[in-house]
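Heads up: the structure comes next, in structure tokens.
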Amino acid sequence: MPPPDASTTRALLRLVRWARPALPRVVAGGSATLVASLIALAVPQVLRGVVNGPLLTDGSRAAVVQAALLVLLLGVLEAVLVWCRRALIATPGTGVERTMRTDLFRHLLDLPVAVHDRWSGGQLLQRSMGDLHTVRRWMVFGLVQLVVSATTVLVGAVLLLVTSPLLGAVYLCGAVPVVWLGFRFRQDYKVVARRARDQAGDLATSVEESVHGIRVLKAFGRGDDALEDFVRQADELRGTELDKARAQSRMSFALAWIPETTLAVALGLGVWLAATDRVSVGALVAFFATAAVMTRPVESLGQLLGMTLDARAGTDRFLEVMDTAPALSDPAVPAALPPVPAEGTRVELRDVRFAHGAGTREVLRGVDLVLEPGLTTALVGLTGSGKTTLLQLVPRLYDVTGGAVLLDGVDVRDLTRHDVRGAVAVAFEDPILFSASVRDNVLMGVPVERLAAMSPQEADEAVRVALDVARAGFVHRLPQGLDTVVGEEGMSLSGGQRQRVALARAIAGRPRVLVLDDPLSALDVATEAEVTAGLRRVLTGTTTLVVAHRTSTVALADRVAVLEDGRVTGVGRHADLLATHPHYRYVLTAEAGPGSGAPPRVPDLRGLAEEVRR
Ligand SMILES: Nc1ncnc2c1ncn2[C@@H]1O[C@H](COP(=O)(O)OP(=O)(O)OP(=O)(O)O)[C@@H](O)[C@H]1O
Ligand SMILES: [Mg+2]
């Protein structure tokens, strides 16, 4: 049977980094198993002594009893060692699996958001759960058993040759076809093992996507299509698993019948040799007893090699993620963000260029924009013009591909990501809440060290103010008030409610810079004005960039910037731009609905906001 190939060995050796704490126990457990196996191989040698000595010559009862006691002692010792192995090996693997899983998760959090465009949620789920489980099982069971079985087979083969060179040679002839089949098995199995793991990840993605989009599927009556798709993928996975099982059973079958056949030939030959006195009866008994002890380890080799190749596929998938370098890294000598200037932080985008992937079209093609300190700038542009993209460059969720983003004159790439994200708070288009209480969801917006320094009352006050500004008073009417768990595992909130909690989260930390991706779209115009007034009142000195689709939102901003063809082509007050900037006019009209050619009527929201403030 061939050992795992070099690339598999290399991949698996990289696991030592995580397995190190468990190694002493795994090695101790493995040694116990090995000694137990070697004891099993020693028993036939005792038998040989008994048969050739007392049994066939003087028939001394005492000698036979002595030998029987020795065999019994060896048996007990073997049992104790097997128990030791179980006690030693059962637990350390779980610790290794936990560390690997934690490291993977930590690494995922550190990876650029672009990675999530490459690996689906299901794939990452499968990598962090199923794959690591397979690796752990192999590490504590498969690896130990593989080493022990292979050693037992090798030592057994030597003993067979020593006991009777001729019979040994006949028996070991079977190794030739076994090794040849083993090479083929290794080649075939490696491919299907990887395919099965990939398909399991795709299947997990399907489940995740369907559960996420269950309403859409039901509303459009597409449940059957989703089911059909799922069944197809499940069938593919089943097909691959069957391929694996077939390869495995072919190998196991060969490992059962080839040694049995050569053993039968050796048996016939052995009896003839014993009858013609060319080999002692004791040696013949020892030979067959040794071959019997080897049967199980030989048969298990195919399965163990399969397990090893499965673990290799799992390891590869784990390492693929771990080897992806975080594209954004902190500078070796980070700059410090200057103290907040009295008037607020100045954000500057200087000739900013950005493309979502190498070789793809540039979404931003030289954006020059200054967000004046303490003011609110609205960003307006057609759908798909790159507003969300631009916004994500400020907290450095992506790095610019050209130009620079500066906070108070410092390039965000010269700061630690921790500092940047402590200074810039974001509310995304699609408000995501976590499975936690409303309070904890809001407090997530407060930088950790500031939160640690807050008393519970201060924290509660920050949450109250933030929710108040975001006009999220509804949370107090939830079943457990602020302690109500929301998010995936908790209570479902409406889109507008989620938006308000997400907005409260963004403002809870009183950030230097606030970046809002159309956060008020689900609010009615009057509430939007109230929220805006609240923001101005509470976040004095905060520089705000807000993506706007509605006239009501732009009307509330201090300035408006127009994003057109990857550049900012106009900055000014809403009314001025409306009068002078054709594209701006077009965008607001287009957003108001196709066919509405006339410039939109602008409600007097500034007045309304002023009123609310008073
Ligand atoms: N993760 C991504 N990978 C590749 N391309 C992307 C990605 N995100 C956005 N894009 C592309 O970049 C362009 C700008 O997208 P962006 O989301 O910034 O538009 P937007 O102005 O925010 O639009 P909307 O008003 O509809 O929210 C689009 O053409 C989009 O297809
Ligand atoms: Mg957008």
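Labels used: A, B, ... for chains in the order of the structure tokens, numbers from 1 for residues in each chain, and numbers from 1 for ligands as shown.
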
Cut-off 9 Å, only C-alpha atoms and all ligand atoms, neighbours of ligand 1 as a ChimeraX atom specification:
/A:113-114,116-117,355-357,360-364,380-392,429,517-518,547-549,563

Include N, CA and C atoms and write out the residues we just selected as a compact mmCIF listing (two decimals), in the first residue's frame.
```txt
# COMPACT_ATOMS: atom_id res chain seq x y z
N VAL A 113 -13.24 42.89 2.53
CA VAL A 113 -14.62 42.52 2.19
C VAL A 113 -14.70 41.89 0.81
N ALA A 114 -13.71 42.19 -0.03
CA ALA A 114 -13.72 41.64 -1.39
C ALA A 114 -13.68 40.11 -1.37
N HIS A 116 -15.40 38.16 0.29
CA HIS A 116 -16.75 37.61 0.34
C HIS A 116 -17.41 37.63 -1.03
N ASP A 117 -16.80 38.34 -1.97
CA ASP A 117 -17.30 38.25 -3.34
C ASP A 117 -16.82 36.94 -3.94
N ALA A 355 -11.35 50.31 -8.77
CA ALA A 355 -11.97 49.24 -9.57
C ALA A 355 -12.19 48.07 -8.63
N HIS A 356 -13.30 47.34 -8.83
CA HIS A 356 -13.64 46.26 -7.89
C HIS A 356 -12.73 45.05 -8.01
N GLY A 357 -12.05 44.91 -9.11
CA GLY A 357 -11.12 43.78 -9.25
C GLY A 357 -10.11 44.15 -10.30
N THR A 360 -10.89 45.03 -14.08
CA THR A 360 -12.29 45.38 -14.32
C THR A 360 -12.40 46.89 -14.52
N ARG A 361 -13.55 47.29 -15.00
CA ARG A 361 -13.80 48.70 -15.28
C ARG A 361 -13.67 49.52 -14.01
N GLU A 362 -13.06 50.67 -14.11
CA GLU A 362 -12.96 51.55 -12.94
C GLU A 362 -14.32 52.15 -12.62
N VAL A 363 -14.74 52.03 -11.39
CA VAL A 363 -16.02 52.63 -10.99
C VAL A 363 -15.80 54.11 -10.68
N LEU A 364 -14.69 54.39 -10.00
CA LEU A 364 -14.35 55.79 -9.71
C LEU A 364 -13.12 56.15 -10.54
N VAL A 380 -25.03 62.40 -4.64
CA VAL A 380 -26.12 62.06 -5.55
C VAL A 380 -25.54 61.51 -6.84
N GLY A 381 -26.16 60.49 -7.36
CA GLY A 381 -25.72 59.94 -8.63
C GLY A 381 -26.69 58.86 -9.07
N LEU A 382 -26.60 58.46 -10.32
CA LEU A 382 -27.52 57.44 -10.82
C LEU A 382 -27.25 56.12 -10.13
N THR A 383 -28.21 55.24 -10.19
CA THR A 383 -28.03 53.89 -9.67
C THR A 383 -26.82 53.23 -10.34
N GLY A 384 -25.97 52.66 -9.52
CA GLY A 384 -24.78 51.98 -10.07
C GLY A 384 -23.65 52.93 -10.39
N SER A 385 -23.77 54.21 -10.00
CA SER A 385 -22.72 55.16 -10.37
C SER A 385 -21.51 55.07 -9.44
N GLY A 386 -21.64 54.34 -8.33
CA GLY A 386 -20.47 54.15 -7.47
C GLY A 386 -20.55 54.88 -6.14
N LYS A 387 -21.77 55.24 -5.72
CA LYS A 387 -21.91 55.98 -4.46
C LYS A 387 -21.52 55.10 -3.27
N THR A 388 -22.08 53.88 -3.23
CA THR A 388 -21.76 52.97 -2.12
C THR A 388 -20.27 52.66 -2.13
N THR A 389 -19.73 52.48 -3.33
CA THR A 389 -18.31 52.18 -3.46
C THR A 389 -17.48 53.32 -2.86
N LEU A 390 -17.80 54.53 -3.22
CA LEU A 390 -17.05 55.69 -2.74
C LEU A 390 -17.12 55.78 -1.22
N LEU A 391 -18.32 55.54 -0.72
CA LEU A 391 -18.55 55.63 0.70
C LEU A 391 -17.70 54.65 1.50
N GLN A 392 -17.52 53.46 0.93
CA GLN A 392 -16.79 52.42 1.66
C GLN A 392 -15.28 52.69 1.71
N GLU A 429 -26.65 50.61 3.33
CA GLU A 429 -27.91 50.56 2.61
C GLU A 429 -28.82 49.46 3.16
N ASP A 517 -25.42 55.46 4.06
CA ASP A 517 -25.83 55.06 2.71
C ASP A 517 -27.35 55.06 2.63
N ASP A 518 -27.89 56.19 2.26
CA ASP A 518 -29.33 56.35 2.12
C ASP A 518 -30.07 55.75 3.31
N VAL A 547 -25.49 59.38 1.29
CA VAL A 547 -25.94 59.07 -0.06
C VAL A 547 -27.43 59.35 -0.11
N ALA A 548 -27.85 60.06 -1.11
CA ALA A 548 -29.25 60.45 -1.16
C ALA A 548 -29.87 60.08 -2.50
N HIS A 549 -31.08 59.57 -2.44
CA HIS A 549 -31.84 59.31 -3.66
C HIS A 549 -33.02 60.25 -3.77
N LEU A 563 -22.15 62.75 -8.44
CA LEU A 563 -21.23 61.74 -8.96
C LEU A 563 -21.71 61.36 -10.36
```

Identify all residues of stretch 322-478 of chain A in strand (DSSP E or B) (DSSP on the backbone) and supply them as a ChimeraX atom specification.
/A:347-355,362-371,376-381,402-407,410-411,424-427,437

Now that the selection is made, can you save its residues with C-alpha atoms as a PDB file, in the first residue's frame?
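Result went into selection-v7.pdb, see below:
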```pdb
ATOM      1  CA  VAL A 347     -12.294  64.533   4.829  1.00  0.00           C
ATOM      2  CA  GLU A 348     -10.635  64.824   1.469  1.00  0.00           C
ATOM      3  CA  LEU A 349     -10.787  62.502  -1.515  1.00  0.00           C
ATOM      4  CA  ARG A 350      -7.914  63.327  -3.820  1.00  0.00           C
ATOM      5  CA  ASP A 351      -8.040  62.020  -7.387  1.00  0.00           C
ATOM      6  CA  VAL A 352      -9.537  58.779  -6.072  1.00  0.00           C
ATOM      7  CA  ARG A 353      -9.685  55.851  -8.466  1.00  0.00           C
ATOM      8  CA  PHE A 354     -11.215  52.493  -7.742  1.00  0.00           C
ATOM      9  CA  ALA A 355     -11.973  49.235  -9.570  1.00  0.00           C
ATOM     10  CA  GLU A 362     -12.956  51.554 -12.942  1.00  0.00           C
ATOM     11  CA  VAL A 363     -16.021  52.626 -10.992  1.00  0.00           C
ATOM     12  CA  LEU A 364     -14.349  55.791  -9.709  1.00  0.00           C
ATOM     13  CA  ARG A 365     -12.113  57.592 -12.167  1.00  0.00           C
ATOM     14  CA  GLY A 366     -10.529  60.483 -10.339  1.00  0.00           C
ATOM     15  CA  VAL A 367     -12.897  61.715  -7.686  1.00  0.00           C
ATOM     16  CA  ASP A 368     -11.941  65.006  -6.046  1.00  0.00           C
ATOM     17  CA  LEU A 369     -14.179  65.870  -3.129  1.00  0.00           C
ATOM     18  CA  VAL A 370     -13.763  67.703   0.146  1.00  0.00           C
ATOM     19  CA  LEU A 371     -16.209  67.069   2.974  1.00  0.00           C
ATOM     20  CA  THR A 376     -23.388  67.359   5.872  1.00  0.00           C
ATOM     21  CA  THR A 377     -22.633  66.575   2.254  1.00  0.00           C
ATOM     22  CA  ALA A 378     -25.157  64.618   0.219  1.00  0.00           C
ATOM     23  CA  LEU A 379     -23.855  62.387  -2.555  1.00  0.00           C
ATOM     24  CA  VAL A 380     -26.124  62.057  -5.549  1.00  0.00           C
ATOM     25  CA  GLY A 381     -25.715  59.935  -8.631  1.00  0.00           C
ATOM     26  CA  GLY A 402      -5.292  55.366  -7.134  1.00  0.00           C
ATOM     27  CA  GLY A 403      -5.259  58.683  -5.319  1.00  0.00           C
ATOM     28  CA  ALA A 404      -5.883  58.972  -1.592  1.00  0.00           C
ATOM     29  CA  VAL A 405      -8.494  59.449   1.113  1.00  0.00           C
ATOM     30  CA  LEU A 406      -7.371  61.812   3.883  1.00  0.00           C
ATOM     31  CA  LEU A 407      -8.800  62.386   7.360  1.00  0.00           C
ATOM     32  CA  VAL A 410      -3.634  61.998   7.119  1.00  0.00           C
ATOM     33  CA  ASP A 411      -3.931  59.251   4.487  1.00  0.00           C
ATOM     34  CA  VAL A 424     -15.659  56.787  10.945  1.00  0.00           C
ATOM     35  CA  ALA A 425     -19.074  55.238  11.600  1.00  0.00           C
ATOM     36  CA  VAL A 426     -21.212  53.768   8.831  1.00  0.00           C
ATOM     37  CA  ALA A 427     -24.862  52.899   8.278  1.00  0.00           C
ATOM     38  CA  SER A 437     -30.442  42.769  22.200  1.00  0.00           C
TER      39      SER A 437
END
```

Residues of stretch 262-337 of chain A in alpha helix (DSSP H), written as a PyMOL selection string
chain A and resi 262-275+281-322

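For the atom pair formed by atom CA of A:Trp180 and atom CA of A:Met1, the distance is 7.8 Å, given to one decimal.
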
For a quick check of understanding, using only C-alpha atoms, which of A:Val531, A:Ala204, A:Val438, A:Ala289 has the smallest distance to A:Trp119?
A:Ala204

Using only C-alpha atoms and all ligand atoms, which of A:Pro2, A:Leu516, A:Arg215, A:Leu125 sits nearest ligand 2?
A:Leu516

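Relative to atom CA of A:Ile507, atom CA of A:Ala466 is found at 6.0 Å.
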
Could you list, as a PyMOL selection string, every residue within 8 Å of stretch 569-582 of chain A, counting only C-alpha atoms and ignoring same-chain residues fewer than 6 positions away?
chain A and resi 554-555+558-563

Now that the selection is made, can you save its residues with N, CA and C atoms as a PDB file, in the first residue's frame?
```pdb
ATOM      1  N   VAL A 554     -31.618  65.426   0.028  1.00  0.00           N
ATOM      2  CA  VAL A 554     -30.643  66.430  -0.421  1.00  0.00           C
ATOM      3  C   VAL A 554     -31.013  67.817   0.090  1.00  0.00           C
ATOM      4  N   ALA A 555     -32.292  68.040   0.210  1.00  0.00           N
ATOM      5  CA  ALA A 555     -32.722  69.361   0.647  1.00  0.00           C
ATOM      6  C   ALA A 555     -32.283  69.635   2.079  1.00  0.00           C
ATOM      7  N   ASP A 558     -26.162  70.264   3.817  1.00  0.00           N
ATOM      8  CA  ASP A 558     -25.562  71.581   3.649  1.00  0.00           C
ATOM      9  C   ASP A 558     -25.084  71.766   2.215  1.00  0.00           C
ATOM     10  N   ARG A 559     -24.552  70.658   1.670  1.00  0.00           N
ATOM     11  CA  ARG A 559     -24.017  70.738   0.309  1.00  0.00           C
ATOM     12  C   ARG A 559     -24.342  69.443  -0.402  1.00  0.00           C
ATOM     13  N   VAL A 560     -24.304  69.497  -1.688  1.00  0.00           N
ATOM     14  CA  VAL A 560     -24.571  68.297  -2.470  1.00  0.00           C
ATOM     15  C   VAL A 560     -23.414  68.092  -3.443  1.00  0.00           C
ATOM     16  N   ALA A 561     -22.980  66.824  -3.589  1.00  0.00           N
ATOM     17  CA  ALA A 561     -21.964  66.505  -4.596  1.00  0.00           C
ATOM     18  C   ALA A 561     -22.588  65.565  -5.612  1.00  0.00           C
ATOM     19  N   VAL A 562     -22.311  65.805  -6.873  1.00  0.00           N
ATOM     20  CA  VAL A 562     -22.902  64.975  -7.924  1.00  0.00           C
ATOM     21  C   VAL A 562     -21.840  64.025  -8.466  1.00  0.00           C
ATOM     22  N   LEU A 563     -22.152  62.751  -8.435  1.00  0.00           N
ATOM     23  CA  LEU A 563     -21.229  61.743  -8.961  1.00  0.00           C
ATOM     24  C   LEU A 563     -21.708  61.362 -10.359  1.00  0.00           C
TER      25      LEU A 563
END
```
